[in-house]
$ cat input_20.cif   # mmCIF, C-alpha atoms
data_model
#
loop_
_atom_site.group_PDB
_atom_site.id
_atom_site.type_symbol
_atom_site.label_atom_id
_atom_site.label_comp_id
_atom_site.auth_asym_id
_atom_site.auth_seq_id
_atom_site.Cartn_x
_atom_site.Cartn_y
_atom_site.Cartn_z
ATOM 1 C CA MET D 1 75.354 74.787 190.395
ATOM 2 C CA HIS D 2 72.923 74.338 193.305
ATOM 3 C CA ILE D 3 70.522 77.281 193.261
ATOM 4 C CA PRO D 4 69.621 78.166 196.885
ATOM 5 C CA ASP D 5 66.185 79.178 198.153
ATOM 6 C CA GLY D 6 65.324 82.806 197.436
ATOM 7 C CA TYR D 7 67.487 83.166 194.339
ATOM 8 C CA ILE D 8 64.592 82.556 191.960
ATOM 9 C CA SER D 9 61.073 83.935 192.212
ATOM 10 C CA PRO D 10 58.147 81.829 193.478
ATOM 11 C CA ALA D 11 56.662 82.002 189.965
ATOM 12 C CA THR D 12 59.845 80.503 188.530
ATOM 13 C CA CYS D 13 59.739 77.800 191.199
ATOM 14 C CA ALA D 14 56.103 77.016 190.349
ATOM 15 C CA VAL D 15 56.764 76.750 186.609
ATOM 16 C CA THR D 16 59.826 74.569 187.090
ATOM 17 C CA TYR D 17 57.932 72.248 189.450
ATOM 18 C CA ALA D 18 55.085 72.026 186.945
ATOM 19 C CA ILE D 19 57.580 70.900 184.308
ATOM 20 C CA ALA D 20 59.563 68.596 186.586
ATOM 21 C CA VAL D 21 56.742 66.634 188.247
ATOM 22 C CA PRO D 22 55.459 64.836 185.131
ATOM 23 C CA LEU D 23 59.052 64.184 184.043
ATOM 24 C CA TRP D 24 59.846 62.689 187.467
ATOM 25 C CA TYR D 25 56.778 60.510 187.095
ATOM 26 C CA VAL D 26 57.937 59.129 183.751
ATOM 27 C CA GLY D 27 61.533 58.792 184.906
ATOM 28 C CA PHE D 28 60.660 57.042 188.137
ATOM 29 C CA LYS D 29 58.613 54.492 186.186
ATOM 30 C CA LYS D 30 61.614 53.794 183.944
ATOM 31 C CA LEU D 31 63.859 53.516 186.974
ATOM 32 C CA LYS D 32 61.576 50.942 188.589
ATOM 33 C CA GLU D 33 61.603 48.909 185.362
ATOM 34 C CA LYS D 34 65.382 48.779 185.391
ATOM 35 C CA LEU D 35 65.812 47.989 189.064
ATOM 36 C CA ASN D 36 66.630 44.346 189.830
ATOM 37 C CA GLU D 37 69.163 42.300 191.808
ATOM 38 C CA ASN D 38 71.872 42.944 189.223
ATOM 39 C CA THR D 39 71.301 46.615 188.505
ATOM 40 C CA LEU D 40 70.578 47.745 192.075
ATOM 41 C CA PRO D 41 74.175 47.829 193.354
ATOM 42 C CA ILE D 42 75.456 49.439 190.162
ATOM 43 C CA LEU D 43 72.843 52.173 190.084
ATOM 44 C CA ALA D 44 73.239 52.851 193.807
ATOM 45 C CA ALA D 45 77.041 52.991 193.462
ATOM 46 C CA LEU D 46 76.825 55.394 190.504
ATOM 47 C CA SER D 47 74.346 57.617 192.354
ATOM 48 C CA ALA D 48 76.555 57.621 195.443
ATOM 49 C CA LEU D 49 79.443 58.469 193.136
ATOM 50 C CA SER D 50 77.456 61.460 191.883
ATOM 51 C CA PHE D 51 76.824 62.568 195.462
ATOM 52 C CA ILE D 52 80.498 62.205 196.412
ATOM 53 C CA ILE D 53 81.917 63.833 193.271
ATOM 54 C CA MET D 54 79.800 66.921 193.992
ATOM 55 C CA MET D 55 81.718 67.266 197.285
ATOM 56 C CA PHE D 56 84.974 67.791 195.390
ATOM 57 C CA ASN D 57 84.948 71.557 195.071
ATOM 58 C CA ILE D 58 87.481 72.546 192.458
ATOM 59 C CA PRO D 59 88.754 76.130 192.572
ATOM 60 C CA VAL D 60 88.274 78.086 189.361
ATOM 61 C CA PRO D 61 89.901 81.413 188.421
ATOM 62 C CA GLY D 62 87.742 84.339 189.517
ATOM 63 C CA GLY D 63 87.404 83.441 193.187
ATOM 64 C CA THR D 64 84.817 80.720 192.779
ATOM 65 C CA SER D 65 84.688 76.963 192.739
ATOM 66 C CA ALA D 66 82.586 74.278 191.122
ATOM 67 C CA HIS D 67 82.275 70.531 190.908
ATOM 68 C CA ALA D 68 81.455 67.692 188.545
ATOM 69 C CA VAL D 69 77.963 66.152 188.717
ATOM 70 C CA GLY D 70 78.211 62.591 187.464
ATOM 71 C CA ALA D 71 74.887 62.683 185.627
ATOM 72 C CA VAL D 72 76.218 61.655 182.233
ATOM 73 C CA ALA D 73 77.959 58.552 183.576
ATOM 74 C CA ILE D 74 74.580 57.266 184.777
ATOM 75 C CA SER D 75 72.695 58.354 181.686
ATOM 76 C CA ILE D 76 74.932 56.713 179.083
ATOM 77 C CA LEU D 77 74.754 53.399 180.974
ATOM 78 C CA PHE D 78 71.162 53.369 182.250
ATOM 79 C CA GLY D 79 69.532 55.782 179.836
ATOM 80 C CA PRO D 80 68.795 59.482 180.307
ATOM 81 C CA TRP D 81 65.555 59.057 182.292
ATOM 82 C CA VAL D 82 67.319 57.065 184.975
ATOM 83 C CA GLY D 83 70.172 59.580 184.997
ATOM 84 C CA PHE D 84 67.635 62.351 185.551
ATOM 85 C CA VAL D 85 65.842 60.607 188.433
ATOM 86 C CA ALA D 86 69.061 59.431 190.087
ATOM 87 C CA VAL D 87 70.558 62.938 190.104
ATOM 88 C CA SER D 88 67.227 64.369 191.347
ATOM 89 C CA LEU D 89 67.351 61.951 194.274
ATOM 90 C CA VAL D 90 70.918 63.021 195.075
ATOM 91 C CA LEU D 91 69.876 66.688 194.929
ATOM 92 C CA LEU D 92 66.931 66.051 197.257
ATOM 93 C CA ILE D 93 69.209 64.473 199.849
ATOM 94 C CA GLN D 94 71.646 67.360 199.485
ATOM 95 C CA ALA D 95 68.888 69.923 200.016
ATOM 96 C CA ILE D 96 67.223 68.226 202.987
ATOM 97 C CA ILE D 97 70.197 66.869 204.919
ATOM 98 C CA PHE D 98 73.099 69.075 203.892
ATOM 99 C CA GLY D 99 71.447 72.401 203.103
ATOM 100 C CA ASP D 100 73.034 72.383 199.632
ATOM 101 C CA GLY D 101 70.601 73.790 197.053
ATOM 102 C CA GLY D 102 67.137 75.074 197.873
ATOM 103 C CA ILE D 103 63.999 73.031 198.434
ATOM 104 C CA SER D 104 62.064 75.530 196.327
ATOM 105 C CA ALA D 105 64.830 75.239 193.724
ATOM 106 C CA TRP D 106 64.916 71.438 193.758
ATOM 107 C CA ALA D 107 62.922 71.281 190.525
ATOM 108 C CA ILE D 108 65.143 73.656 188.557
ATOM 109 C CA ASN D 109 68.316 72.112 189.940
ATOM 110 C CA SER D 110 67.022 68.666 188.937
ATOM 111 C CA LEU D 111 65.980 69.860 185.488
ATOM 112 C CA ALA D 112 69.366 71.485 184.851
ATOM 113 C CA MET D 113 71.838 69.049 186.386
ATOM 114 C CA GLY D 114 69.637 65.971 186.012
ATOM 115 C CA PHE D 115 67.403 66.252 182.972
ATOM 116 C CA VAL D 116 69.398 68.484 180.626
ATOM 117 C CA GLY D 117 72.762 67.041 181.659
ATOM 118 C CA SER D 118 71.552 63.468 181.210
ATOM 119 C CA PHE D 119 69.758 63.936 177.909
ATOM 120 C CA VAL D 120 72.398 66.109 176.253
ATOM 121 C CA GLY D 121 75.143 63.760 177.440
ATOM 122 C CA TYR D 122 73.193 60.733 176.248
ATOM 123 C CA TYR D 123 72.642 62.043 172.725
ATOM 124 C CA VAL D 124 76.191 63.313 172.356
ATOM 125 C CA PHE D 125 77.462 59.911 173.472
ATOM 126 C CA ASN D 126 75.274 58.074 170.995
ATOM 127 C CA ALA D 127 76.296 60.339 168.153
ATOM 128 C CA LEU D 128 79.983 59.689 168.866
ATOM 129 C CA LYS D 129 79.666 56.119 170.094
ATOM 130 C CA LYS D 130 82.296 54.668 167.783
ATOM 131 C CA TYR D 131 84.997 56.937 169.159
ATOM 132 C CA LYS D 132 86.979 55.947 172.211
ATOM 133 C CA PHE D 133 86.536 59.275 173.946
ATOM 134 C CA ALA D 134 82.790 59.589 173.416
ATOM 135 C CA PRO D 135 82.115 59.346 177.194
ATOM 136 C CA PHE D 136 84.543 62.199 177.916
ATOM 137 C CA ILE D 137 82.979 64.477 175.318
ATOM 138 C CA ALA D 138 79.456 63.515 176.411
ATOM 139 C CA GLY D 139 80.291 64.378 180.028
ATOM 140 C CA TYR D 140 81.915 67.633 179.000
ATOM 141 C CA VAL D 141 79.052 68.830 176.804
ATOM 142 C CA GLY D 142 76.425 67.567 179.255
ATOM 143 C CA ILE D 143 77.642 69.583 182.238
ATOM 144 C CA VAL D 144 78.152 72.723 180.140
ATOM 145 C CA ALA D 145 74.541 72.369 178.944
ATOM 146 C CA SER D 146 73.412 72.115 182.584
ATOM 147 C CA ALA D 147 75.364 75.275 183.390
ATOM 148 C CA VAL D 148 73.671 77.132 180.528
ATOM 149 C CA VAL D 149 70.237 76.330 181.981
ATOM 150 C CA ILE D 150 71.231 77.536 185.454
ATOM 151 C CA GLY D 151 72.794 80.675 183.955
ATOM 152 C CA VAL D 152 69.612 81.477 182.025
ATOM 153 C CA ILE D 153 67.257 80.871 184.959
ATOM 154 C CA LEU D 154 69.366 83.039 187.273
ATOM 155 C CA GLY D 155 69.965 85.707 184.638
ATOM 156 C CA VAL D 156 66.294 86.272 183.754
ATOM 157 C CA GLN D 157 65.315 86.972 187.381
ATOM 158 C CA PRO D 158 66.221 90.708 187.382
ATOM 159 C CA MET D 159 64.420 91.141 184.027
ATOM 160 C CA PHE D 160 61.074 90.225 185.556
ATOM 161 C CA TRP D 161 61.191 90.907 189.271
ATOM 162 C CA SER D 162 62.234 94.047 191.078
ATOM 163 C CA VAL D 163 61.080 96.200 193.977
ATOM 164 C CA ASN D 164 61.739 99.942 194.050
ATOM 165 C CA GLY D 165 64.118 99.560 191.147
ATOM 166 C CA GLU D 166 66.200 96.951 192.948
ATOM 167 C CA PRO D 167 66.249 93.342 191.795
ATOM 168 C CA GLU D 168 64.070 91.255 194.085
ATOM 169 C CA TYR D 169 65.769 87.910 193.571
ATOM 170 C CA PHE D 170 68.976 86.986 191.809
ATOM 171 C CA PRO D 171 70.374 90.433 190.939
ATOM 172 C CA PHE D 172 72.709 89.829 187.987
ATOM 173 C CA GLY D 173 71.414 89.691 184.420
ATOM 174 C CA LEU D 174 72.108 87.254 181.606
ATOM 175 C CA SER D 175 75.154 89.195 180.422
ATOM 176 C CA VAL D 176 76.794 88.348 183.751
ATOM 177 C CA SER D 177 75.295 85.000 184.704
ATOM 178 C CA LEU D 178 75.670 83.195 181.366
ATOM 179 C CA PRO D 179 79.368 83.900 180.780
ATOM 180 C CA ALA D 180 80.088 83.155 184.447
ATOM 181 C CA MET D 181 78.283 79.814 184.517
ATOM 182 C CA ILE D 182 79.558 78.742 181.101
ATOM 183 C CA GLY D 183 83.109 79.926 181.744
ATOM 184 C CA VAL D 184 83.379 78.030 185.020
ATOM 185 C CA HIS D 185 81.963 74.847 183.545
ATOM 186 C CA LEU D 186 84.105 74.922 180.414
ATOM 187 C CA LEU D 187 86.835 74.089 182.927
ATOM 188 C CA ILE D 188 84.819 71.808 185.198
ATOM 189 C CA GLY D 189 83.665 69.952 182.081
ATOM 190 C CA ILE D 190 87.104 68.359 182.011
ATOM 191 C CA ALA D 191 86.433 66.808 185.442
ATOM 192 C CA GLU D 192 82.987 65.615 184.371
ATOM 193 C CA GLY D 193 84.483 64.212 181.175
ATOM 194 C CA ILE D 194 87.227 62.317 183.006
ATOM 195 C CA LEU D 195 84.742 60.893 185.527
ATOM 196 C CA THR D 196 82.380 59.783 182.761
ATOM 197 C CA GLN D 197 85.216 58.155 180.831
ATOM 198 C CA ILE D 198 86.585 56.335 183.895
ATOM 199 C CA VAL D 199 83.186 54.997 184.929
ATOM 200 C CA TYR D 200 82.352 53.920 181.382
ATOM 201 C CA ASN D 201 85.655 52.080 181.035
ATOM 202 C CA LEU D 202 85.261 50.372 184.429
ATOM 203 C CA VAL D 203 81.952 48.842 183.434
ATOM 204 C CA ASP D 204 82.466 45.728 181.325
ATOM 205 C CA GLU D 205 80.372 44.669 178.343
ATOM 206 C CA LYS D 206 78.336 42.098 180.269
ATOM 207 C CA MET D 207 77.325 44.653 182.852
ATOM 208 C CA LYS D 208 76.560 47.239 180.175
ATOM 209 C CA LYS D 209 74.082 44.829 178.605
ATOM 210 C CA GLU D 210 72.499 44.106 181.971
ATOM 211 C CA VAL D 211 71.893 47.735 182.829
ATOM 212 C CA ALA D 212 70.833 48.766 179.338
ATOM 213 C CA ILE D 213 67.840 46.375 179.249
ATOM 214 C CA MET X 1 83.066 44.595 187.227
ATOM 215 C CA LYS X 2 80.914 45.736 190.073
ATOM 216 C CA LYS X 3 83.915 45.491 192.354
ATOM 217 C CA LYS X 4 85.849 48.127 190.448
ATOM 218 C CA LEU X 5 82.987 50.606 190.783
ATOM 219 C CA PHE X 6 82.898 50.085 194.525
ATOM 220 C CA ILE X 7 86.660 50.525 194.737
ATOM 221 C CA LEU X 8 86.365 53.817 192.845
ATOM 222 C CA LEU X 9 83.625 54.922 195.233
ATOM 223 C CA GLY X 10 85.737 53.944 198.255
ATOM 224 C CA VAL X 11 88.789 55.784 196.938
ATOM 225 C CA LEU X 12 86.785 58.934 196.299
ATOM 226 C CA ILE X 13 85.247 58.803 199.791
ATOM 227 C CA ALA X 14 88.739 58.395 201.268
ATOM 228 C CA LEU X 15 89.919 61.437 199.302
ATOM 229 C CA VAL X 16 86.833 63.535 199.967
ATOM 230 C CA PRO X 17 88.571 66.063 202.308
ATOM 231 C CA LEU X 18 90.354 67.335 199.174
ATOM 232 C CA GLY X 19 87.031 69.021 198.438
ATOM 233 C CA LEU X 20 87.681 71.253 201.444
ATOM 234 C CA LEU X 21 90.922 72.672 200.052
ATOM 235 C CA THR X 22 89.158 75.650 198.518
ATOM 236 C CA ASP X 23 86.851 77.844 200.544
ATOM 237 C CA ALA X 24 85.820 79.804 197.464
ATOM 238 C CA PRO X 25 82.045 79.526 197.145
ATOM 239 C CA ALA X 26 80.460 78.303 193.948
ATOM 240 C CA TRP X 27 79.342 81.039 191.559
ATOM 241 C CA GLY X 28 75.730 81.891 192.398
ATOM 242 C CA GLU X 29 75.717 80.151 195.791
ATOM 243 C CA TRP X 30 76.722 83.044 198.012
ATOM 244 C CA ASP X 31 75.819 83.997 201.563
ATOM 245 C CA SER X 32 73.561 87.018 201.968
ATOM 246 C CA GLU X 33 76.617 88.912 203.171
ATOM 247 C CA TYR X 34 78.091 88.685 199.689
ATOM 248 C CA PHE X 35 75.232 90.728 198.230
ATOM 249 C CA LYS X 36 75.588 93.308 200.953
ATOM 250 C CA LYS X 37 79.236 93.679 200.099
ATOM 251 C CA VAL X 38 78.825 93.770 196.322
ATOM 252 C CA LEU X 39 75.480 95.562 195.938
ATOM 253 C CA GLY X 40 75.176 97.370 199.229
ATOM 254 C CA TYR X 41 71.899 95.571 199.955
ATOM 255 C CA ILE X 42 70.454 92.089 200.075
ATOM 256 C CA PRO X 43 67.776 91.559 197.421
ATOM 257 C CA GLN X 44 64.456 91.469 199.255
ATOM 258 C CA GLY X 45 63.328 88.120 197.900
ATOM 259 C CA ILE X 46 66.605 86.434 198.754
ATOM 260 C CA GLU X 47 66.374 87.716 202.304
ATOM 261 C CA ILE X 48 62.701 86.859 202.819
ATOM 262 C CA LEU X 49 62.510 83.562 200.947
ATOM 263 C CA GLY X 50 65.926 82.473 202.123
ATOM 264 C CA ASP X 51 64.703 82.922 205.671
ATOM 265 C CA LYS X 52 61.369 81.291 205.044
ATOM 266 C CA PHE X 53 62.951 78.139 203.748
ATOM 267 C CA SER X 54 65.782 78.013 206.222
ATOM 268 C CA PHE X 55 65.407 75.013 208.454
ATOM 269 C CA LYS X 56 67.881 73.124 210.558
ATOM 270 C CA VAL X 57 69.628 70.458 208.556
ATOM 271 C CA LEU X 58 71.609 67.590 210.025
ATOM 272 C CA PHE X 59 74.881 68.457 208.314
ATOM 273 C CA PRO X 60 74.867 72.144 207.356
ATOM 274 C CA ASP X 61 77.244 72.558 204.392
ATOM 275 C CA TYR X 62 78.511 69.022 204.881
ATOM 276 C CA SER X 63 79.745 69.730 208.391
ATOM 277 C CA LEU X 64 78.801 68.398 211.774
ATOM 278 C CA PRO X 65 78.453 71.247 214.250
ATOM 279 C CA GLY X 66 80.938 70.707 217.049
ATOM 280 C CA SER X 67 83.417 68.582 215.145
ATOM 281 C CA SER X 68 86.275 69.397 212.803
ATOM 282 C CA ASP X 69 85.704 70.149 209.122
ATOM 283 C CA ILE X 70 87.369 66.953 208.011
ATOM 284 C CA VAL X 71 85.403 64.729 210.384
ATOM 285 C CA GLY X 72 82.153 66.421 209.367
ATOM 286 C CA TYR X 73 83.014 66.059 205.692
ATOM 287 C CA TYR X 74 83.837 62.355 206.060
ATOM 288 C CA LEU X 75 80.637 61.732 208.011
ATOM 289 C CA SER X 76 78.607 63.627 205.401
ATOM 290 C CA ALA X 77 80.117 61.554 202.590
ATOM 291 C CA ILE X 78 79.413 58.269 204.376
ATOM 292 C CA VAL X 79 75.903 59.185 205.525
ATOM 293 C CA GLY X 80 74.966 60.504 202.075
ATOM 294 C CA ALA X 81 76.304 57.442 200.266
ATOM 295 C CA LEU X 82 74.642 55.016 202.693
ATOM 296 C CA LEU X 83 71.350 56.841 202.464
ATOM 297 C CA ILE X 84 71.405 56.491 198.679
ATOM 298 C CA PHE X 85 71.936 52.732 198.934
ATOM 299 C CA VAL X 86 69.115 52.436 201.492
ATOM 300 C CA ILE X 87 66.679 54.419 199.345
ATOM 301 C CA TYR X 88 67.396 52.332 196.237
ATOM 302 C CA TYR X 89 67.036 49.164 198.271
ATOM 303 C CA LEU X 90 63.646 50.324 199.577
ATOM 304 C CA ILE X 91 62.476 51.165 196.059
ATOM 305 C CA PHE X 92 63.708 47.753 194.937
ATOM 306 C CA LEU X 93 61.778 46.014 197.744
ATOM 307 C CA ALA X 94 58.630 47.943 196.879
ATOM 308 C CA VAL X 95 58.932 46.977 193.208
ATOM 309 C CA LYS X 96 59.517 43.334 194.093
ATOM 310 C CA ARG X 97 56.563 43.189 196.448
ATOM 311 C CA LYS X 98 54.310 44.623 193.782
ATOM 312 C CA GLU X 99 55.448 42.016 191.292
ATOM 313 C CA SER X 100 54.862 39.012 193.514
#
$ encode --input "input_20.cif" --output "structure tokens"
Amino acid sequence: MHIPDGYISPATCAVTYAIAVPLWYVGFKKLKEKLNENTLPILAALSALSFIIMMFNIPVPGGTSAHAVGAVAISILFGPWVGFVAVSLVLLIQAIIFGDGGISAWAINSLAMGFVGSFVGYYVFNALKKYKFAPFIAGYVGIVASAVVIGVILGVQPMFWSVNGEPEYFPFGLSVSLPAMIGVHLLIGIAEGILTQIVYNLVDEKMKKEVAI
Amino acid sequence: MKKKLFILLGVLIALVPLGLLTDAPAWGEWDSEYFKKVLGYIPQGIEILGDKFSFKVLFPDYSLPGSSDIVGYYLSAIVGALLIFVIYYLIFLAVKRKES
């Protein structure tokens, strides 16, 4: 789900950065409020978990692969703002040190995998809270929502930007990109769901209260 | 329990080479060559911007040039995870200093 540099137009990059920067500002403030001796190791471990889980490339029919993100696990424990900032931090490290995802696309990748994944997952979880498998469903829906955003952003590129009749950036339209991104992540959602459920069940009630402050 | 989370993290790091089992790229994260093959050309923006932003990273695609895939993947996992802990710790220190 990591959009590389060059796949989206500079205008798209500019708009997504303009949206992301104020959200990062708010989110980072919330993260600082929640950070203390008790929450630090848990938040760092969950963020590292997000980084590591993204290294597990799972093959999907159609000659591609994808991975879970781990955003929803953070967001249902620490709140969606912290989930958003934590995943953004992971994506920044991936872009700068591992060449995974573009620097110019950091904002859109953070908005999709971080913001949308975290917030959708958070609200789904809260709506289903009384059910045992709420974390699984929240993870599943959250990552599919992230995939929709990526599919839309990629798919609109050829509608707006072309040179000499050829697409200038990402060349495939919505009718290709949306079904592809959604289809892949309807499967990968299972992995995100399982991860979210496992993490949620590992964290005991005392710790949940600590991190939810 | 905090301990259980760290055990989960350790287990996943130990298993991380499983992520190398597939060499299928993620959908929408192709090399320029892919476009050449499928479209017959590389979209101009992808070629130009892709080049403009290309800079040398420490672990390109989670590998360490000169060492095996598995070693590079393990190192990437450990370096990435450690870096995350360090960054949170630094933020934590900054917050604490401000408070006192």
$ residues_around --input "input_20.cif" --residues "Ser63 in chain X" --least-positions-apart "6" --cutoff "9 Å" --atoms "only C-alpha atoms" --output "VMD selection string"
(chain D and resid 98) or (chain X and resid 69 to 76)
$ residues_near_point --input "input_20.cif" --point "(66.2, 63.0, 192.6)" --cutoff "10 Å" --atoms "all atoms listed in the file" --output "list in words"
Trp24, Gly27, Phe28, Ser47, Val82, Gly83, Phe84, Val85, Ala86, Val87, Ser88, Leu89, Val90, Leu91, Leu92, Ile93, Gln94, Trp106, Ala107, Asn109, Ser110, Leu111 and Gly114 of chain D
$ residues_around --input "input_20.cif" --residues "range 62-67 of chain D" --least-positions-apart "3" --cutoff "10 Å" --atoms "all atoms listed in the file" --output "PyMOL selection string"
(chain D and resi 1-2+53-59+70+143+180-181+184-185+187-189+191-192) or (chain X and resi 19+22-30)
$ residues_around --input "input_20.cif" --residues "range 39-49 of chain X" --least-positions-apart "3" --cutoff "8 Å" --atoms "only C-alpha atoms" --output "PyMOL selection string"
(chain D and resi 5-7+9+163+166-171) or (chain X and resi 32-33+35-36+52-53)
$ atom_distance --input "input_20.cif" --atom1 "CA of Ser162 in chain D" --atom2 "CA of Gly183 in chain D"
26.9 Å
$ residues_around --input "input_20.cif" --residues "range 173-176 of chain D" --least-positions-apart "5" --cutoff "9 Å" --atoms "all atoms listed in the file" --output "ChimeraX atom specification"
/D:151-159,181
$ closest_residue --input "input_20.cif" --among "D:Pro80, D:Gly117, D:Gly99, D:Pro179" --to "chain X" --atoms "all atoms listed in the file"
D:Gly99
$ resolve_selection --input "input_20.cif" --expression "the PyMOL selection byres ((chain X and resi 95-98) around 10)" --output "list in words"
Lys32, Glu33, Leu35, Asn36 and Glu37 of chain D; Tyr89, Leu90, Ile91, Phe92, Leu93, Ala94, Glu99 and Ser100 of chain X
$ residues_around --input "input_20.cif" --residues "range 79-83 of chain X" --least-positions-apart "4" --cutoff "8 Å" --atoms "all atoms listed in the file" --output "list in words"
Ala48, Leu49, Phe51, Ile52 and Ile93 of chain D; Leu75 and Ile87 of chain X
$ resolve_selection --input "input_20.cif" --expression "the PyMOL selection byres ((chain D and resi 13-15) around 9)" --output "VMD selection string"
chain D and resid 8 to 12 16 to 20 104 to 108
$ atom_distance --input "input_20.cif" --atom1 "CA of Trp81 in chain D" --atom2 "CA of Val57 in chain X"
28.9 Å
$ closest_residue --input "input_20.cif" --among "D:Phe172, D:Tyr140, D:Tyr25, D:Phe160" --to "Ser118 in chain D" --atoms "all atoms listed in the file"
D:Tyr140
$ atom_distance --input "input_20.cif" --atom1 "CA of Val149 in chain D" --atom2 "CA of Ala68 in chain D"
15.6 Å
$ axis_aligned_box --input "input_20.cif" --around "range 47-51 of chain X" --padding-each-side "5 Å" --output "lines of an AutoDock Vina configuration file"
center_x = 64.4
center_y = 85.1
center_z = 203.3
size_x = 13.9
size_y = 15.2
size_z = 14.7
$ closest_residue --input "input_20.cif" --among "D:Leu40, D:Ala147, D:Val26, D:Ile103" --to "Val69 in chain D" --atoms "all atoms listed in the file"
D:Ala147
